[in-house]
file work-v9.json (JSON, C-alpha atoms)
[["chain", "number", "residue", "atom", "x", "y", "z"],
["A", 1, "MET", "CA", -28.02, -26.67, 3.09],
["A", 2, "SER", "CA", -30.26, -25.57, 5.94],
["A", 3, "ASP", "CA", -32.45, -22.55, 5.34],
["A", 4, "ASP", "CA", -31.14, -20.75, 8.46],
["A", 5, "ILE", "CA", -27.49, -20.94, 7.47],
["A", 6, "ALA", "CA", -27.29, -18.44, 4.61],
["A", 7, "PRO", "CA", -28.98, -15.51, 6.39],
["A", 8, "ALA", "CA", -26.80, -16.01, 9.45],
["A", 9, "LEU", "CA", -23.64, -15.29, 7.48],
["A", 10, "THR", "CA", -24.80, -13.30, 4.47],
["A", 11, "GLU", "CA", -26.83, -10.74, 6.40],
["A", 12, "ASP", "CA", -24.54, -10.42, 9.39],
["A", 13, "ALA", "CA", -24.21, -7.18, 11.34],
["A", 14, "SER", "CA", -20.70, -8.23, 12.38],
["A", 15, "LEU", "CA", -19.41, -7.82, 8.84],
["A", 16, "VAL", "CA", -21.11, -4.45, 8.50],
["A", 17, "GLY", "CA", -19.67, -3.38, 11.86],
["A", 18, "PHE", "CA", -16.17, -4.52, 10.90],
["A", 19, "ILE", "CA", -16.21, -2.57, 7.64],
["A", 20, "ARG", "CA", -17.43, 0.50, 9.51],
["A", 21, "TYR", "CA", -14.65, -0.04, 12.09],
["A", 22, "ILE", "CA", -11.79, -0.21, 9.56],
["A", 23, "THR", "CA", -13.25, 2.71, 7.63],
["A", 24, "THR", "CA", -13.95, 5.16, 10.45],
["A", 25, "GLU", "CA", -11.73, 4.09, 13.34],
["A", 26, "LYS", "CA", -8.75, 2.54, 11.55],
["A", 27, "ARG", "CA", -9.13, 4.99, 8.67],
["A", 28, "LEU", "CA", -7.88, 2.52, 6.10],
["A", 29, "SER", "CA", -7.89, 3.61, 2.48],
["A", 30, "PRO", "CA", -10.94, 2.90, 0.29],
["A", 31, "HIS", "CA", -8.77, 0.53, -1.76],
["A", 32, "THR", "CA", -7.83, -1.47, 1.36],
["A", 33, "VAL", "CA", -11.42, -1.52, 2.63],
["A", 34, "ALA", "CA", -12.61, -2.84, -0.72],
["A", 35, "ALA", "CA", -9.95, -5.57, -0.56],
["A", 36, "TYR", "CA", -11.15, -6.60, 2.91],
["A", 37, "GLN", "CA", -14.72, -6.77, 1.63],
["A", 38, "ARG", "CA", -13.74, -9.02, -1.28],
["A", 39, "ASP", "CA", -11.61, -11.33, 0.87],
["A", 40, "LEU", "CA", -14.22, -11.67, 3.60],
["A", 41, "ALA", "CA", -16.90, -12.31, 0.99],
["A", 42, "ALA", "CA", -14.81, -15.30, -0.14],
["A", 43, "LEU", "CA", -14.59, -16.56, 3.45],
["A", 44, "ARG", "CA", -18.31, -16.04, 3.95],
["A", 45, "ALA", "CA", -19.12, -17.99, 0.77],
["A", 46, "PHE", "CA", -16.90, -20.86, 1.92],
["A", 47, "CYS", "CA", -18.57, -20.97, 5.34],
["A", 48, "VAL", "CA", -22.03, -20.97, 3.81],
["A", 49, "SER", "CA", -21.05, -23.83, 1.48],
["A", 50, "ALA", "CA", -19.62, -25.72, 4.47],
["A", 51, "GLU", "CA", -22.93, -25.20, 6.34],
["A", 52, "VAL", "CA", -21.31, -23.25, 9.16],
["A", 53, "ALA", "CA", -24.19, -21.71, 11.15],
["A", 54, "ASP", "CA", -22.50, -18.57, 12.48],
["A", 55, "TRP", "CA", -19.11, -16.97, 13.16],
["A", 56, "LYS", "CA", -18.91, -18.63, 16.60],
["A", 57, "SER", "CA", -18.91, -21.99, 14.84],
["A", 58, "VAL", "CA", -15.90, -21.21, 12.64],
["A", 59, "SER", "CA", -12.87, -23.22, 13.79],
["A", 60, "SER", "CA", -9.21, -23.39, 12.87],
["A", 61, "HIS", "CA", -10.07, -26.54, 10.93],
["A", 62, "HIS", "CA", -12.51, -24.54, 8.80],
["A", 63, "LEU", "CA", -9.86, -21.90, 8.16],
["A", 64, "ARG", "CA", -7.32, -24.50, 7.08],
["A", 65, "GLN", "CA", -9.90, -26.00, 4.74],
["A", 66, "PHE", "CA", -10.63, -22.52, 3.40],
["A", 67, "ALA", "CA", -6.92, -21.86, 2.76],
["A", 68, "ALA", "CA", -6.45, -25.25, 1.09],
["A", 69, "ALA", "CA", -9.55, -24.85, -1.08],
["A", 70, "SER", "CA", -8.45, -21.36, -2.15],
["A", 71, "HIS", "CA", -5.02, -22.68, -3.06],
["A", 72, "ARG", "CA", -6.47, -25.59, -5.03],
["A", 73, "GLY", "CA", -8.72, -23.10, -6.79],
["A", 74, "GLY", "CA", -5.68, -21.42, -8.31],
["A", 75, "LEU", "CA", -4.72, -18.72, -5.80],
["A", 76, "ASP", "CA", -1.02, -18.40, -5.06],
["A", 77, "GLY", "CA", 0.39, -18.36, -1.56],
["A", 78, "ARG", "CA", 0.45, -14.57, -1.41],
["A", 79, "SER", "CA", -3.28, -14.33, -2.18],
["A", 80, "VAL", "CA", -4.17, -17.04, 0.33],
["A", 81, "ALA", "CA", -2.10, -15.22, 2.94],
["A", 82, "ARG", "CA", -4.07, -12.06, 2.19],
["A", 83, "TYR", "CA", -7.33, -13.95, 2.67],
["A", 84, "LEU", "CA", -6.14, -15.24, 6.04],
["A", 85, "SER", "CA", -4.87, -11.81, 7.06],
["A", 86, "ALA", "CA", -8.31, -10.33, 6.39],
["A", 87, "ALA", "CA", -9.95, -13.16, 8.34],
["A", 88, "ARG", "CA", -7.50, -12.72, 11.21],
["A", 89, "SER", "CA", -8.31, -9.01, 11.47],
["A", 90, "PHE", "CA", -12.04, -9.70, 11.26],
["A", 91, "PHE", "CA", -11.99, -12.30, 14.03],
["A", 92, "ARG", "CA", -9.77, -10.09, 16.16],
["A", 93, "TYR", "CA", -12.53, -7.50, 15.87],
["A", 94, "LEU", "CA", -15.16, -10.12, 16.78],
["A", 95, "VAL", "CA", -13.17, -11.06, 19.90],
["A", 96, "ARG", "CA", -12.99, -7.40, 20.87],
["A", 97, "GLU", "CA", -16.73, -7.06, 20.39],
["A", 98, "GLY", "CA", -17.46, -10.22, 22.40],
["A", 99, "VAL", "CA", -19.02, -12.03, 19.45],
["A", 100, "VAL", "CA", -16.50, -14.89, 19.65],
["A", 101, "ASN", "CA", -14.16, -16.00, 22.43],
["A", 102, "VAL", "CA", -11.07, -16.93, 20.43],
["A", 103, "ASN", "CA", -9.56, -16.05, 17.07],
["A", 104, "PRO", "CA", -9.63, -19.29, 15.01],
["A", 105, "VAL", "CA", -7.20, -17.88, 12.44],
["A", 106, "GLU", "CA", -4.26, -17.74, 14.88],
["A", 107, "GLY", "CA", -1.83, -20.48, 13.99],
["A", 108, "VAL", "CA", -3.27, -21.07, 10.52],
["A", 109, "ALA", "CA", -0.52, -20.59, 7.94],
["A", 110, "ALA", "CA", -0.79, -19.94, 4.23],
["A", 111, "PRO", "CA", 1.30, -21.77, 1.63],
["A", 112, "LYS", "CA", 4.68, -20.11, 1.29],
["A", 113, "ALA", "CA", 4.96, -17.72, -1.60],
["A", 114, "ALA", "CA", 8.11, -16.60, -3.32],
["A", 115, "LYS", "CA", 8.80, -12.92, -2.77],
["A", 116, "ARG", "CA", 8.21, -10.98, -5.94],
["A", 117, "LEU", "CA", 9.71, -7.58, -6.47],
["A", 118, "PRO", "CA", 8.88, -5.12, -9.22],
["A", 119, "ALA", "CA", 11.82, -4.48, -11.50],
["A", 120, "ALA", "CA", 13.30, -1.14, -10.56],
["A", 121, "VAL", "CA", 13.54, 1.41, -13.33],
["A", 122, "ASP", "CA", 17.21, 2.32, -13.66],
["A", 123, "VAL", "CA", 18.32, 5.91, -13.23],
["A", 124, "ASP", "CA", 18.79, 6.55, -16.95],
["A", 125, "GLN", "CA", 15.35, 5.16, -17.75],
["A", 126, "VAL", "CA", 13.77, 7.37, -15.07],
["A", 127, "ALA", "CA", 15.55, 10.38, -16.54],
["A", 128, "ALA", "CA", 14.26, 9.50, -19.99],
["A", 129, "LEU", "CA", 10.75, 8.96, -18.64],
["A", 130, "LEU", "CA", 10.66, 12.33, -16.92],
["A", 131, "THR", "CA", 11.88, 14.33, -19.91],
["A", 132, "ILE", "CA", 8.25, 14.60, -20.99],
["A", 133, "ASN", "CA", 7.32, 18.07, -22.21],
["A", 134, "PRO", "CA", 3.66, 18.43, -21.18],
["A", 135, "GLY", "CA", 3.21, 21.72, -23.00],
["A", 136, "ALA", "CA", -0.07, 23.43, -22.14],
["A", 137, "ASP", "CA", -2.04, 20.20, -21.63],
["A", 138, "PRO", "CA", -3.24, 20.25, -17.98],
["A", 139, "LEU", "CA", -3.63, 16.48, -17.98],
["A", 140, "ALA", "CA", -0.02, 15.95, -19.01],
["A", 141, "VAL", "CA", 1.17, 18.62, -16.55],
["A", 142, "ARG", "CA", -0.66, 16.75, -13.78],
["A", 143, "ASP", "CA", 0.80, 13.40, -14.86],
["A", 144, "VAL", "CA", 4.35, 14.74, -14.81],
["A", 145, "ALA", "CA", 3.81, 16.15, -11.32],
["A", 146, "ILE", "CA", 2.43, 12.79, -10.17],
["A", 147, "MET", "CA", 5.37, 10.83, -11.58],
["A", 148, "GLU", "CA", 7.93, 13.29, -10.21],
["A", 149, "LEU", "CA", 6.36, 13.11, -6.76],
["A", 150, "PHE", "CA", 6.21, 9.29, -6.80],
["A", 151, "TYR", "CA", 9.90, 9.08, -7.68],
["A", 152, "SER", "CA", 11.01, 12.03, -5.57],
["A", 153, "SER", "CA", 9.34, 11.02, -2.32],
["A", 154, "GLY", "CA", 8.57, 7.29, -2.59],
["A", 155, "LEU", "CA", 4.86, 7.59, -1.88],
["A", 156, "ARG", "CA", 2.32, 4.80, -2.01],
["A", 157, "LEU", "CA", -0.52, 5.27, -4.51],
["A", 158, "ALA", "CA", -3.13, 5.72, -1.76],
["A", 159, "GLU", "CA", -0.87, 8.23, 0.00],
["A", 160, "LEU", "CA", -0.41, 10.33, -3.10],
["A", 161, "LEU", "CA", -4.09, 10.33, -4.01],
["A", 162, "GLY", "CA", -5.02, 11.24, -0.43],
["A", 163, "LEU", "CA", -2.96, 14.43, -0.48],
["A", 164, "ASP", "CA", -4.74, 17.75, -0.01],
["A", 165, "LEU", "CA", -3.40, 21.18, -0.89],
["A", 166, "PRO", "CA", -2.45, 22.05, 2.73],
["A", 167, "ASP", "CA", -0.25, 18.93, 2.88],
["A", 168, "LEU", "CA", 2.13, 20.42, 0.35],
["A", 169, "ASP", "CA", 4.83, 22.92, 1.38],
["A", 170, "LEU", "CA", 6.71, 23.87, -1.76],
["A", 171, "THR", "CA", 8.63, 26.64, 0.03],
["A", 172, "GLY", "CA", 10.04, 24.12, 2.46],
["A", 173, "ALA", "CA", 10.09, 21.39, -0.23],
["A", 174, "THR", "CA", 8.19, 18.88, 1.92],
["A", 175, "VAL", "CA", 4.92, 17.00, 1.86],
["A", 176, "ARG", "CA", 2.93, 15.65, 4.82],
["A", 177, "VAL", "CA", 1.77, 12.11, 4.15],
["A", 178, "THR", "CA", -0.76, 9.97, 6.00],
["A", 179, "GLY", "CA", 0.29, 6.35, 5.57],
["A", 180, "LYS", "CA", -0.87, 2.96, 6.77],
["A", 181, "GLY", "CA", -2.45, 2.90, 10.20],
["A", 182, "SER", "CA", -3.01, 6.67, 9.95],
["A", 183, "ARG", "CA", 0.70, 7.24, 10.68],
["A", 184, "THR", "CA", 1.80, 10.68, 9.49],
["A", 185, "ARG", "CA", 5.25, 11.48, 8.19],
["A", 186, "VAL", "CA", 6.84, 14.48, 6.50],
["A", 187, "VAL", "CA", 9.08, 13.68, 3.55],
["A", 188, "PRO", "CA", 11.24, 15.88, 1.34],
["A", 189, "VAL", "CA", 10.28, 16.78, -2.21],
["A", 190, "GLY", "CA", 13.05, 16.98, -4.79],
["A", 191, "ALA", "CA", 13.81, 20.14, -6.75],
["A", 192, "LYS", "CA", 12.46, 18.80, -10.06],
["A", 193, "ALA", "CA", 9.30, 17.60, -8.35],
["A", 194, "VAL", "CA", 8.86, 21.06, -6.79],
["A", 195, "VAL", "CA", 9.01, 22.62, -10.27],
["A", 196, "ALA", "CA", 6.55, 20.07, -11.66],
["A", 197, "LEU", "CA", 4.16, 20.66, -8.74],
["A", 198, "HIS", "CA", 4.35, 24.45, -9.21],
["A", 199, "ASN", "CA", 3.43, 23.92, -12.87],
["A", 200, "TRP", "CA", 0.54, 21.67, -11.87],
["A", 201, "LEU", "CA", -0.82, 24.10, -9.28],
["A", 202, "ASN", "CA", -0.83, 26.87, -11.90],
["A", 203, "ALA", "CA", -2.62, 24.62, -14.41],
["A", 204, "ARG", "CA", -4.97, 23.32, -11.71],
["A", 205, "ALA", "CA", -6.11, 26.84, -10.82],
["A", 206, "LEU", "CA", -7.18, 27.43, -14.42],
["A", 207, "TRP", "CA", -8.56, 23.94, -14.93],
["A", 208, "VAL", "CA", -10.64, 23.45, -11.78],
["A", 209, "ALA", "CA", -13.26, 26.01, -10.90],
["A", 210, "ASP", "CA", -14.53, 24.52, -7.65],
["A", 211, "ALA", "CA", -13.03, 24.61, -4.18],
["A", 212, "SER", "CA", -11.85, 21.00, -4.01],
["A", 213, "SER", "CA", -9.02, 20.54, -1.53],
["A", 214, "ALA", "CA", -7.58, 17.47, -3.29],
["A", 215, "LEU", "CA", -4.11, 18.05, -4.71],
["A", 216, "PHE", "CA", -4.59, 15.88, -7.79],
["A", 217, "VAL", "CA", -7.96, 16.23, -9.48],
["A", 218, "THR", "CA", -9.77, 15.57, -12.72],
["A", 219, "ALA", "CA", -11.12, 18.26, -15.02],
["A", 220, "GLN", "CA", -14.41, 17.91, -13.14],
["A", 221, "GLY", "CA", -12.69, 18.73, -9.84],
["A", 222, "ARG", "CA", -12.93, 15.21, -8.43],
["A", 223, "ARG", "CA", -10.04, 13.50, -6.73],
["A", 224, "VAL", "CA", -8.18, 11.33, -9.23],
["A", 225, "SER", "CA", -8.94, 7.60, -8.92],
["A", 226, "PRO", "CA", -6.30, 4.88, -8.49],
["A", 227, "ARG", "CA", -7.28, 3.24, -11.77],
["A", 228, "ALA", "CA", -6.86, 6.51, -13.66],
["A", 229, "VAL", "CA", -3.34, 7.00, -12.32],
["A", 230, "GLN", "CA", -2.40, 3.41, -13.09],
["A", 231, "ALA", "CA", -3.70, 3.73, -16.64],
["A", 232, "ARG", "CA", -1.97, 7.06, -17.24],
["A", 233, "LEU", "CA", 1.39, 5.80, -15.96],
["A", 234, "LYS", "CA", 1.13, 2.66, -18.07],
["A", 235, "GLY", "CA", 0.46, 4.85, -21.10],
["A", 236, "TRP", "CA", 3.41, 7.15, -20.43],
["A", 237, "GLY", "CA", 5.74, 4.20, -19.88],
["A", 238, "THR", "CA", 4.77, 2.74, -23.24],
["A", 239, "LYS", "CA", 5.04, 6.09, -25.00],
["A", 240, "GLN", "CA", 8.52, 6.74, -23.55],
["A", 241, "GLY", "CA", 9.75, 3.28, -24.49],
["A", 242, "LEU", "CA", 10.17, 2.01, -20.94],
["A", 243, "GLU", "CA", 10.94, -1.69, -20.57],
["A", 244, "GLY", "CA", 8.11, -3.42, -18.73],
["A", 245, "ARG", "CA", 4.89, -1.92, -17.45],
["A", 246, "LEU", "CA", 5.14, 1.32, -15.49],
["A", 247, "HIS", "CA", 3.00, 1.47, -12.36],
["A", 248, "PRO", "CA", 3.07, 3.52, -9.12],
["A", 249, "HIS", "CA", 4.69, 0.82, -7.00],
["A", 250, "ARG", "CA", 7.49, 0.45, -9.53],
["A", 251, "LEU", "CA", 8.37, 4.13, -9.14],
["A", 252, "ARG", "CA", 8.24, 3.79, -5.33],
["A", 253, "HIS", "CA", 10.49, 0.74, -5.54],
["A", 254, "SER", "CA", 12.90, 2.60, -7.83],
["A", 255, "PHE", "CA", 13.01, 5.50, -5.35],
["A", 256, "ALA", "CA", 13.95, 3.12, -2.52],
["A", 257, "SER", "CA", 16.53, 1.19, -4.55],
["A", 258, "HIS", "CA", 18.27, 4.26, -5.97],
["A", 259, "LEU", "CA", 18.34, 6.04, -2.62],
["A", 260, "LEU", "CA", 19.78, 3.04, -0.81],
["A", 261, "GLU", "CA", 22.35, 2.41, -3.53],
["A", 262, "SER", "CA", 23.64, 5.97, -3.29],
["A", 263, "SER", "CA", 23.38, 6.52, 0.47],
["A", 264, "GLY", "CA", 23.52, 3.11, 2.13],
["A", 265, "ASP", "CA", 21.33, 4.56, 4.87],
["A", 266, "ILE", "CA", 18.73, 1.86, 5.47],
["A", 267, "ARG", "CA", 17.12, 3.60, 8.43],
["A", 268, "ALA", "CA", 16.53, 6.76, 6.40],
["A", 269, "VAL", "CA", 14.99, 4.77, 3.57],
["A", 270, "GLN", "CA", 12.75, 2.97, 6.07],
["A", 271, "GLU", "CA", 11.56, 6.31, 7.49],
["A", 272, "LEU", "CA", 10.97, 7.84, 4.07],
["A", 273, "LEU", "CA", 8.96, 4.85, 2.89],
["A", 274, "GLY", "CA", 6.90, 4.81, 6.08],
["A", 275, "HIS", "CA", 7.73, 1.20, 6.94],
["A", 276, "ALA", "CA", 7.04, 0.12, 10.51],
["A", 277, "ASN", "CA", 9.58, -2.71, 10.24],
["A", 278, "ILE", "CA", 12.98, -2.74, 8.57],
["A", 279, "SER", "CA", 12.24, -6.24, 7.24],
["A", 280, "THR", "CA", 9.75, -4.62, 4.86],
["A", 281, "THR", "CA", 12.43, -2.22, 3.64],
["A", 282, "GLN", "CA", 14.65, -5.23, 3.02],
["A", 283, "VAL", "CA", 12.15, -6.53, 0.46],
["A", 284, "TYR", "CA", 12.14, -3.22, -1.39],
["A", 285, "THR", "CA", 15.90, -3.00, -1.57],
["A", 286, "HIS", "CA", 16.87, -6.47, -2.84],
["A", 287, "LEU", "CA", 19.00, -7.04, 0.27],
["A", 288, "ASP", "CA", 18.95, -10.14, 2.42],
["A", 289, "PHE", "CA", 18.69, -9.72, 6.15],
["A", 290, "GLN", "CA", 22.27, -10.83, 6.73],
["A", 291, "HIS", "CA", 23.52, -7.89, 4.69],
["A", 292, "LEU", "CA", 21.16, -5.54, 6.52],
["A", 293, "ALA", "CA", 22.54, -6.79, 9.82],
["A", 294, "GLN", "CA", 26.13, -6.28, 8.65],
["A", 295, "VAL", "CA", 25.41, -2.71, 7.59],
["A", 296, "TYR", "CA", 23.63, -2.06, 10.89],
["A", 297, "ASP", "CA", 26.52, -3.51, 12.91],
["A", 298, "ALA", "CA", 29.03, -1.41, 11.00],
["A", 299, "ALA", "CA", 27.05, 1.83, 11.10],
["A", 300, "HIS", "CA", 25.20, 2.00, 14.42],
["A", 301, "PRO", "CA", 27.23, 3.32, 17.39],
["A", 302, "ARG", "CA", 25.45, 1.03, 19.83],
["A", 303, "ALA", "CA", 25.86, -2.01, 17.59],
["A", 304, "ARG", "CA", 29.64, -1.90, 17.38],
["A", 305, "LYS", "CA", 31.53, -3.93, 19.94],
["A", 306, "LYS", "CA", 34.32, -2.29, 21.86],
["A", 307, "LYS", "CA", 37.80, -3.42, 20.85],
["A", 308, "SER", "CA", 38.51, -4.65, 24.38],
["A", 309, "GLU", "CA", 35.56, -7.05, 24.28]]

call {"tool": "encode", "arguments": {"input": "work-v9.json", "output": "C-alpha cells"}}
result
Amino acid sequence: MSDDIAPALTEDASLVGFIRYITTEKRLSPHTVAAYQRDLAALRAFCVSAEVADWKSVSSHHLRQFAAASHRGGLDGRSVARYLSAARSFFRYLVREGVVNVNPVEGVAAPKAAKRLPAAVDVDQVAALLTINPGADPLAVRDVAIMELFYSSGLRLAELLGLDLPDLDLTGATVRVTGKGSRTRVVPVGAKAVVALHNWLNARALWVADASSALFVTAQGRRVSPRAVQARLKGWGTKQGLEGRLHPHRLRHSFASHLLESSGDIRAVQELLGHANISTTQVYTHLDFQHLAQVYDAAHPRARKKKSE
C-alpha cells in the first residue's frame, strides 16, 4: 500500500464536514449520526485496503466490491443496504460540495433481505405489562410513563428521548414530536399515559433538582440514554412474564398494529407514526400492498369509480 493512500482517506475533511452537515443542518439524532460514522468507517477501511487514493477515485465497481465483500463477511442484506445508504448520502453531499462530479453509489444494489417485523405484543399482554405498580420509586414511575407513552402515541425511541417539557401538553392530551428529517407532528396521548406522565412529573420535581428541560431524566438530571431505556424495558418485560424481548420498537409496532386492527384507517396510522410513505406503514401493519390498495380504493372518495364508468 502506498504511503499517501491512508492519510488521504483516514484524515479527510470531507468526512468531518459530512458528519457536521448531518448533525447541524439535517439535525439527525445522535444515534443515527453514530450509525453513519460506523458505516462510513467500514467504507473508508475498504477503500484504503483497495488502495483507492481519494474519494474522486471511488467508482461504482468499488462500491459493488464493497457490498459483496461485506456480504461475504457475514452481513445480511439489510446491513449491506444500510452501508450503501450511508455511502449514497455521503457521496450526494460530496457532489453538492463539488468534491466529486457523480455519485458512484447510484445504481448499486444490496442483496435482497427478507423483511423482518418485531412480534407485536397482543392487547392482553400489553394490559398485563402496564399493570405495574411503581409505588414511590421514581425510577419505576418514570419507566411506566415511558412505556405508556410508547404504546399510547407510537413514538420512536429517539423521538421519545428528545422530548422536552414544553413539548408535552397534558391538558390537551397531546405531545409535539420532532421526527426524522426534523419533521414535527403533534400526536394524541391516551388517558392512561396522561395519568402516568402526571405521576412522573410529580416524581421528577422531587427527584431532579436542576433546571434540565428534558422530559425523561436520570437521578442526576441528565437526559436518559437509549441504552438505559432498552435495558429497563427488557427488564420489565422479563419481570412481567412477556413472551419475547420487550424493546421500544416492539411497543411502537404494537401501537400501529392494534390501532389499524381496530380502526382500519391506514392514513391516520401513517400520520401518527410520522411515516413519509405509506409503504413504510405497510411493513408495520403486516399488510401487503394489494390489501392497502383495496382499502384505499374502498375508502377514499377520489379513488372510487363512478357507477356509470

call {"tool": "atom_distance", "arguments": {"input": "work-v9.json", "atom1": "CA of Asp169 (chain A)", "atom2": "CA of Ser153 (chain A)"}}
result
13.3 Å

call {"tool": "atom_distance", "arguments": {"input": "work-v9.json", "atom1": "CA of Ser213 (chain A)", "atom2": "CA of Asp167 (chain A)"}}
result
9.9 Å

call {"tool": "residues_around", "arguments": {"input": "work-v9.json", "residues": "Ala219 (chain A)", "least_positions_apart": "2", "cutoff": "9 Å", "atoms": "all atoms listed in the file", "output": "PyMOL selection string"}}
result
chain A and resi 138-139+204+207-208+217+221-222

call {"tool": "write_last_selection", "arguments": {"input": "work-v9.json", "atoms": "C-alpha atoms", "output": "compact mmCIF listing (two decimals), in the coordinates of the input"}}
result
# COMPACT_ATOMS: atom_id res chain seq x y z
CA PRO A 138 -3.24 20.25 -17.98
CA LEU A 139 -3.63 16.48 -17.98
CA ARG A 204 -4.97 23.32 -11.71
CA TRP A 207 -8.56 23.94 -14.93
CA VAL A 208 -10.64 23.45 -11.78
CA VAL A 217 -7.96 16.23 -9.48
CA GLY A 221 -12.69 18.73 -9.84
CA ARG A 222 -12.93 15.21 -8.43

call {"tool": "residues_around", "arguments": {"input": "work-v9.json", "residues": "Gly98 (chain A)", "least_positions_apart": "6", "cutoff": "12 Å", "atoms": "only C-alpha atoms", "output": "mmCIF file with C-alpha atoms, in the coordinates of the input"}}
result
data_model
loop_
_atom_site.group_PDB
_atom_site.id
_atom_site.type_symbol
_atom_site.label_atom_id
_atom_site.label_comp_id
_atom_site.auth_asym_id
_atom_site.auth_seq_id
_atom_site.Cartn_x
_atom_site.Cartn_y
_atom_site.Cartn_z
ATOM 1 C CA SER A 14 -20.700 -8.230 12.380
ATOM 2 C CA TRP A 55 -19.110 -16.970 13.160
ATOM 3 C CA LYS A 56 -18.910 -18.630 16.600
ATOM 4 C CA PHE A 91 -11.990 -12.300 14.030
ATOM 5 C CA ARG A 92 -9.770 -10.090 16.160
#

call {"tool": "atom_distance", "arguments": {"input": "work-v9.json", "atom1": "CA of Gly181 (chain A)", "atom2": "CA of Glu25 (chain A)"}}
result
9.9 Å

call {"tool": "residues_around", "arguments": {"input": "work-v9.json", "residues": "region 78-82 of chain A", "least_positions_apart": "5", "cutoff": "7 Å", "atoms": "all atoms listed in the file", "output": "list in words"}}
result
Ala67, Ser70, His71, Ala110 and Ala113 of chain A

call {"tool": "residues_around", "arguments": {"input": "work-v9.json", "residues": "Ala86 (chain A)", "least_positions_apart": "5", "cutoff": "9 Å", "atoms": "only C-alpha atoms", "output": "list in words"}}
result
Ala35, Tyr36, Gln37, Asp39, Leu40, Ala81 and Phe91 of chain A

call {"tool": "residues_around", "arguments": {"input": "work-v9.json", "residues": "Lys234 (chain A)", "least_positions_apart": "2", "cutoff": "6 Å", "atoms": "all atoms listed in the file", "output": "number ranges by chain"}}
result
A: 231-232, 236-237, 245-246

call {"tool": "write_last_selection", "arguments": {"input": "work-v9.json", "atoms": "C-alpha atoms", "output": "PDB file, in the coordinates of the input"}}
result
ATOM      1  CA  ALA A 231      -3.700   3.730 -16.640  1.00  0.00           C
ATOM      2  CA  ARG A 232      -1.970   7.060 -17.240  1.00  0.00           C
ATOM      3  CA  TRP A 236       3.410   7.150 -20.430  1.00  0.00           C
ATOM      4  CA  GLY A 237       5.740   4.200 -19.880  1.00  0.00           C
ATOM      5  CA  ARG A 245       4.890  -1.920 -17.450  1.00  0.00           C
ATOM      6  CA  LEU A 246       5.140   1.320 -15.490  1.00  0.00           C
TER       7      LEU A 246
END

call {"tool": "decode", "arguments": {"input": "work-v9.json", "residues": "region 55-70 of chain A", "atoms": "N, CA and C atoms", "output": "PDB file, in the first residue's frame"}}
result
ATOM      1  N   TRP A  55     -11.563  10.153  -2.625  1.00  0.00           N
ATOM      2  CA  TRP A  55     -12.986   9.898  -2.886  1.00  0.00           C
ATOM      3  C   TRP A  55     -13.333  10.062  -4.370  1.00  0.00           C
ATOM      4  N   LYS A  56     -12.604  10.899  -5.097  1.00  0.00           N
ATOM      5  CA  LYS A  56     -12.853  11.057  -6.532  1.00  0.00           C
ATOM      6  C   LYS A  56     -12.588   9.767  -7.292  1.00  0.00           C
ATOM      7  N   SER A  57     -11.727   8.935  -6.744  1.00  0.00           N
ATOM      8  CA  SER A  57     -11.338   7.703  -7.427  1.00  0.00           C
ATOM      9  C   SER A  57     -12.279   6.537  -7.146  1.00  0.00           C
ATOM     10  N   VAL A  58     -13.242   6.730  -6.241  1.00  0.00           N
ATOM     11  CA  VAL A  58     -14.184   5.652  -5.911  1.00  0.00           C
ATOM     12  C   VAL A  58     -15.195   5.513  -7.048  1.00  0.00           C
ATOM     13  N   SER A  59     -15.342   4.311  -7.563  1.00  0.00           N
ATOM     14  CA  SER A  59     -16.260   4.053  -8.678  1.00  0.00           C
ATOM     15  C   SER A  59     -17.385   3.119  -8.238  1.00  0.00           C
ATOM     16  N   SER A  60     -18.356   2.959  -9.125  1.00  0.00           N
ATOM     17  CA  SER A  60     -19.443   2.017  -8.857  1.00  0.00           C
ATOM     18  C   SER A  60     -18.895   0.609  -8.682  1.00  0.00           C
ATOM     19  N   HIS A  61     -17.841   0.291  -9.430  1.00  0.00           N
ATOM     20  CA  HIS A  61     -17.211  -1.023  -9.306  1.00  0.00           C
ATOM     21  C   HIS A  61     -16.684  -1.234  -7.888  1.00  0.00           C
ATOM     22  N   HIS A  62     -16.057  -0.200  -7.332  1.00  0.00           N
ATOM     23  CA  HIS A  62     -15.568  -0.295  -5.950  1.00  0.00           C
ATOM     24  C   HIS A  62     -16.732  -0.539  -4.985  1.00  0.00           C
ATOM     25  N   LEU A  63     -17.837   0.183  -5.215  1.00  0.00           N
ATOM     26  CA  LEU A  63     -18.971   0.041  -4.305  1.00  0.00           C
ATOM     27  C   LEU A  63     -19.580  -1.352  -4.386  1.00  0.00           C
ATOM     28  N   ARG A  64     -19.629  -1.917  -5.580  1.00  0.00           N
ATOM     29  CA  ARG A  64     -20.149  -3.279  -5.719  1.00  0.00           C
ATOM     30  C   ARG A  64     -19.221  -4.279  -5.016  1.00  0.00           C
ATOM     31  N   GLN A  65     -17.918  -4.048  -5.159  1.00  0.00           N
ATOM     32  CA  GLN A  65     -16.963  -4.902  -4.450  1.00  0.00           C
ATOM     33  C   GLN A  65     -17.141  -4.775  -2.937  1.00  0.00           C
ATOM     34  N   PHE A  66     -17.352  -3.555  -2.489  1.00  0.00           N
ATOM     35  CA  PHE A  66     -17.552  -3.289  -1.062  1.00  0.00           C
ATOM     36  C   PHE A  66     -18.794  -4.023  -0.548  1.00  0.00           C
ATOM     37  N   ALA A  67     -19.887  -3.939  -1.316  1.00  0.00           N
ATOM     38  CA  ALA A  67     -21.126  -4.611  -0.923  1.00  0.00           C
ATOM     39  C   ALA A  67     -20.929  -6.127  -0.895  1.00  0.00           C
ATOM     40  N   ALA A  68     -20.268  -6.654  -1.922  1.00  0.00           N
ATOM     41  CA  ALA A  68     -20.048  -8.100  -1.992  1.00  0.00           C
ATOM     42  C   ALA A  68     -19.145  -8.578  -0.855  1.00  0.00           C
ATOM     43  N   ALA A  69     -18.078  -7.822  -0.585  1.00  0.00           N
ATOM     44  CA  ALA A  69     -17.159  -8.202   0.489  1.00  0.00           C
ATOM     45  C   ALA A  69     -17.854  -8.167   1.847  1.00  0.00           C
ATOM     46  N   SER A  70     -18.703  -7.164   2.053  1.00  0.00           N
ATOM     47  CA  SER A  70     -19.439  -7.048   3.316  1.00  0.00           C
ATOM     48  C   SER A  70     -20.385  -8.238   3.486  1.00  0.00           C
TER      49      SER A  70
END
